file start-v1.pdb (PDB, C-alpha atoms)
MODEL        1
ATOM      1  CA  GLU A  28     -19.663 -16.149  56.503
ATOM      2  CA  ASN A  29     -21.452 -12.771  56.833
ATOM      3  CA  ARG A  30     -19.212 -10.866  54.454
ATOM      4  CA  ILE A  31     -20.587  -8.932  51.510
ATOM      5  CA  ASP A  32     -19.433 -10.618  48.328
ATOM      6  CA  ALA A  33     -18.884  -7.946  45.677
ATOM      7  CA  LYS A  34     -18.339 -10.103  42.603
ATOM      8  CA  VAL A  35     -20.360  -7.803  40.346
ATOM      9  CA  PHE A  36     -17.920  -6.033  38.070
ATOM     10  CA  GLY A  37     -18.312  -2.438  36.916
ATOM     11  CA  LEU A  38     -19.732  -1.076  40.156
ATOM     12  CA  SER A  39     -16.765   1.125  41.050
ATOM     13  CA  PHE A  40     -14.784   3.945  39.472
ATOM     14  CA  THR A  41     -11.517   5.851  39.934
ATOM     15  CA  LEU A  42     -10.517   9.348  38.855
ATOM     16  CA  LEU A  43      -6.869   9.710  37.848
ATOM     17  CA  ALA A  44      -4.890  12.899  37.244
ATOM     18  CA  ASP A  45      -1.413  12.542  35.761
ATOM     19  CA  ASN A  46      -1.720   8.807  36.430
ATOM     20  CA  ASN A  47      -2.265   9.425  40.168
ATOM     21  CA  PRO A  48      -5.497   8.365  41.876
ATOM     22  CA  ILE A  49      -7.669  11.225  43.101
ATOM     23  CA  PHE A  50     -10.539   9.139  44.463
ATOM     24  CA  SER A  51     -12.343   5.846  44.059
ATOM     25  CA  GLY A  52     -15.998   5.189  44.680
ATOM     26  CA  GLY A  53     -18.838   2.875  43.894
ATOM     27  CA  ILE A  54     -21.760   0.862  45.135
ATOM     28  CA  ILE A  55     -22.068  -2.515  46.812
ATOM     29  CA  PRO A  56     -25.484  -4.128  46.249
ATOM     30  CA  LEU A  57     -26.974  -5.464  49.480
ATOM     31  CA  TRP A  58     -30.131  -6.970  47.935
ATOM     32  CA  ASP A  59     -32.443  -6.118  45.044
ATOM     33  CA  GLY A  60     -32.873  -2.362  44.825
ATOM     34  CA  VAL A  61     -30.612  -1.417  47.753
ATOM     35  CA  ALA A  62     -26.897  -0.606  47.699
ATOM     36  CA  GLU A  63     -24.250   0.813  49.991
ATOM     37  CA  GLY A  64     -22.341   3.736  48.462
ATOM     38  CA  TRP A  65     -18.693   4.429  49.208
ATOM     39  CA  VAL A  66     -16.005   6.984  48.327
ATOM     40  CA  ILE A  67     -12.349   7.033  49.330
ATOM     41  CA  ALA A  68     -10.366  10.140  48.394
ATOM     42  CA  SER A  69      -6.717  11.088  48.456
ATOM     43  CA  LYS A  70      -5.527  14.545  49.508
ATOM     44  CA  ARG A  71      -5.215  15.337  45.789
ATOM     45  CA  ILE A  72      -8.995  15.744  45.671
ATOM     46  CA  TYR A  73      -8.545  19.327  46.896
ATOM     47  CA  ASP A  74      -6.617  20.098  43.689
ATOM     48  CA  HIS A  75      -9.501  18.778  41.567
ATOM     49  CA  LYS A  76     -12.589  19.713  43.598
ATOM     50  CA  ILE A  77     -15.107  20.549  40.876
ATOM     51  CA  LYS A  78     -14.196  17.677  38.567
ATOM     52  CA  SER A  79     -14.146  15.265  41.518
ATOM     53  CA  VAL A  80     -17.495  16.110  43.079
ATOM     54  CA  SER A  81     -19.310  16.295  39.749
ATOM     55  CA  SER A  82     -17.777  12.951  38.688
ATOM     56  CA  ILE A  83     -18.790  11.258  41.944
ATOM     57  CA  LYS A  84     -22.379  12.532  41.705
ATOM     58  CA  ARG A  85     -22.741  11.600  38.032
ATOM     59  CA  ARG A  86     -21.193   8.134  38.425
ATOM     60  CA  LEU A  87     -23.138   7.170  41.560
ATOM     61  CA  ASP A  88     -26.403   8.250  39.943
ATOM     62  CA  LEU A  89     -25.547   6.285  36.766
ATOM     63  CA  LEU A  90     -24.604   3.171  38.724
ATOM     64  CA  CYS A  91     -27.859   3.309  40.675
ATOM     65  CA  THR A  92     -30.017   3.974  37.608
ATOM     66  CA  ASN A  93     -28.316   1.329  35.447
ATOM     67  CA  ASN A  94     -28.540  -1.297  38.209
ATOM     68  CA  ASN A  95     -32.127  -0.594  39.329
ATOM     69  CA  ILE A  96     -31.036   0.696  42.729
ATOM     70  CA  TRP A  97     -33.851   2.695  44.305
ATOM     71  CA  ARG A  98     -32.121   3.178  47.670
ATOM     72  CA  LEU A  99     -28.484   4.242  48.009
ATOM     73  CA  GLN A 100     -27.266   4.394  51.597
ATOM     74  CA  THR A 101     -24.011   5.099  53.376
ATOM     75  CA  SER A 102     -22.596   5.794  56.834
ATOM     76  CA  VAL A 103     -20.827   9.071  57.626
ATOM     77  CA  LYS A 104     -18.970   9.751  60.851
ATOM     78  CA  GLU A 105     -20.927  12.240  62.963
ATOM     79  CA  ASP A 106     -18.042  14.699  63.415
ATOM     80  CA  PHE A 107     -16.869  14.507  59.752
ATOM     81  CA  LYS A 108     -18.607  17.770  58.809
ATOM     82  CA  ILE A 109     -17.223  17.921  55.242
ATOM     83  CA  GLY A 110     -18.353  14.326  54.643
ATOM     84  CA  VAL A 111     -21.858  15.011  55.957
ATOM     85  CA  ARG A 112     -22.130  18.162  53.840
ATOM     86  CA  PHE A 113     -20.867  16.305  50.759
ATOM     87  CA  ALA A 114     -23.332  13.430  51.258
ATOM     88  CA  GLU A 115     -26.144  15.975  51.558
ATOM     89  CA  TRP A 116     -24.951  17.673  48.341
ATOM     90  CA  LEU A 117     -25.140  14.262  46.649
ATOM     91  CA  GLY A 118     -28.793  14.104  47.691
ATOM     92  CA  LEU A 119     -28.524  11.810  50.700
ATOM     93  CA  LYS A 120     -30.555  12.643  53.785
ATOM     94  CA  LYS A 121     -29.841  11.838  57.412
ATOM     95  CA  GLU A 122     -32.090   9.046  58.627
ATOM     96  CA  GLY A 123     -30.697   8.658  62.099
ATOM     97  CA  LEU A 124     -27.655   8.576  64.322
ATOM     98  CA  MET A 125     -26.089   5.170  64.901
ATOM     99  CA  LEU A 126     -24.585   5.286  68.371
ATOM    100  CA  MET A 127     -21.195   3.608  68.911
ATOM    101  CA  TYR A 128     -21.297   2.289  65.315
ATOM    102  CA  GLY A 129     -17.632   2.823  64.383
ATOM    103  CA  PRO A 130     -14.803   0.466  65.253
ATOM    104  CA  ASP A 131     -13.647   3.103  67.754
ATOM    105  CA  LYS A 132     -17.195   3.383  69.196
ATOM    106  CA  THR A 133     -17.860   6.690  67.435
ATOM    107  CA  ASN A 134     -21.289   7.737  66.202
ATOM    108  CA  TYR A 135     -22.218   7.652  62.507
ATOM    109  CA  TYR A 136     -25.151   9.012  60.573
ATOM    110  CA  ARG A 137     -27.104   6.622  58.366
ATOM    111  CA  MET A 138     -27.727   8.621  55.215
ATOM    112  CA  ALA A 139     -29.740   7.579  52.178
ATOM    113  CA  LYS A 140     -31.002   8.732  48.812
ATOM    114  CA  ILE A 141     -34.193   7.370  47.284
ATOM    115  CA  TYR A 142     -34.408   7.319  43.499
ATOM    116  CA  GLU A 143     -38.123   7.948  42.920
ATOM    117  CA  CYS A 144     -38.086   7.135  39.190
ATOM    118  CA  ILE A 145     -36.799   3.593  39.786
ATOM    119  CA  ARG A 146     -39.275   2.431  42.461
TER     120      ARG A 146
ENDMDL
END
call {"tool": "encode", "arguments": {"input": "start-v1.pdb", "output": "structure tokens"}}
result
Amino acid sequence: ENRIDAKVFGLSFTLLADNNPIFSGGIIPLWDGVAEGWVIASKRIYDHKIKSVSSIKRRLDLLCTNNNIWRLQTSVKEDFKIGVRFAEWLGLKKEGLMLMYGPDKTNYYRMAKIYECIR
């Protein structure tokens, strides 16, 4: 009963190379103006670094702008240094450490980006 129902189409994207998925990502609206961002990558992302990171940044920003999202947030595992660095490169800032947040009781950062022009 508390699940997030993501019935809004067009809020995700996938990069393919030679018909193989490199990554998928998107946003899940939580309520008006606020969405949770997500990215899942395969190991092939290392073969397509520049195209991948620029595509993720461009697409997330477009999704937020086109859907009037002024706050994009996500959770990144505390010890996932590459993930934290990537989220910061996307423009997200650490807001706090969520203790024992993960299913394995690991700590996660709450990170968010505020789109000033949409507020």
call {"tool": "resolve_selection", "arguments": {"input": "start-v1.pdb", "expression": "the PyMOL selection byres ((chain A and resi 40) around 9)", "output": "list of chain:residue names"}}
result
A:Gly37, A:Leu38, A:Ser39, A:Thr41, A:Leu42, A:Phe50, A:Ser51, A:Gly52, A:Gly53, A:Ile83, A:Arg86
call {"tool": "atom_distance", "arguments": {"input": "start-v1.pdb", "atom1": "atom CA of A:Ile141", "atom2": "atom CA of A:Thr92"}}
result
11.1 Å
call {"tool": "residues_around", "arguments": {"input": "start-v1.pdb", "residues": "A:Arg112", "least_positions_apart": "5", "cutoff": "12 Å", "atoms": "only C-alpha atoms", "output": "list in words"}}
result
Val80, Val103, Lys104, Glu105, Asp106, Phe107, Leu117, Gly118, Leu119, Lys120, Lys121, Tyr136 and Met138 of chain A
call {"tool": "closest_residue", "arguments": {"input": "start-v1.pdb", "among": "A:Asp131, A:Glu115, A:Glu63, A:Asp74", "to": "A:Arg98", "atoms": "all atoms listed in the file"}}
result
A:Glu63
call {"tool": "atom_distance", "arguments": {"input": "start-v1.pdb", "atom1": "atom CA of A:Gln100", "atom2": "atom CA of A:Tyr135"}}
result
12.5 Å
call {"tool": "closest_residue", "arguments": {"input": "start-v1.pdb", "among": "A:Asp59, A:Asn95, A:Ile49, A:Val66", "to": "A:Lys78", "atoms": "all atoms listed in the file"}}
result
A:Ile49
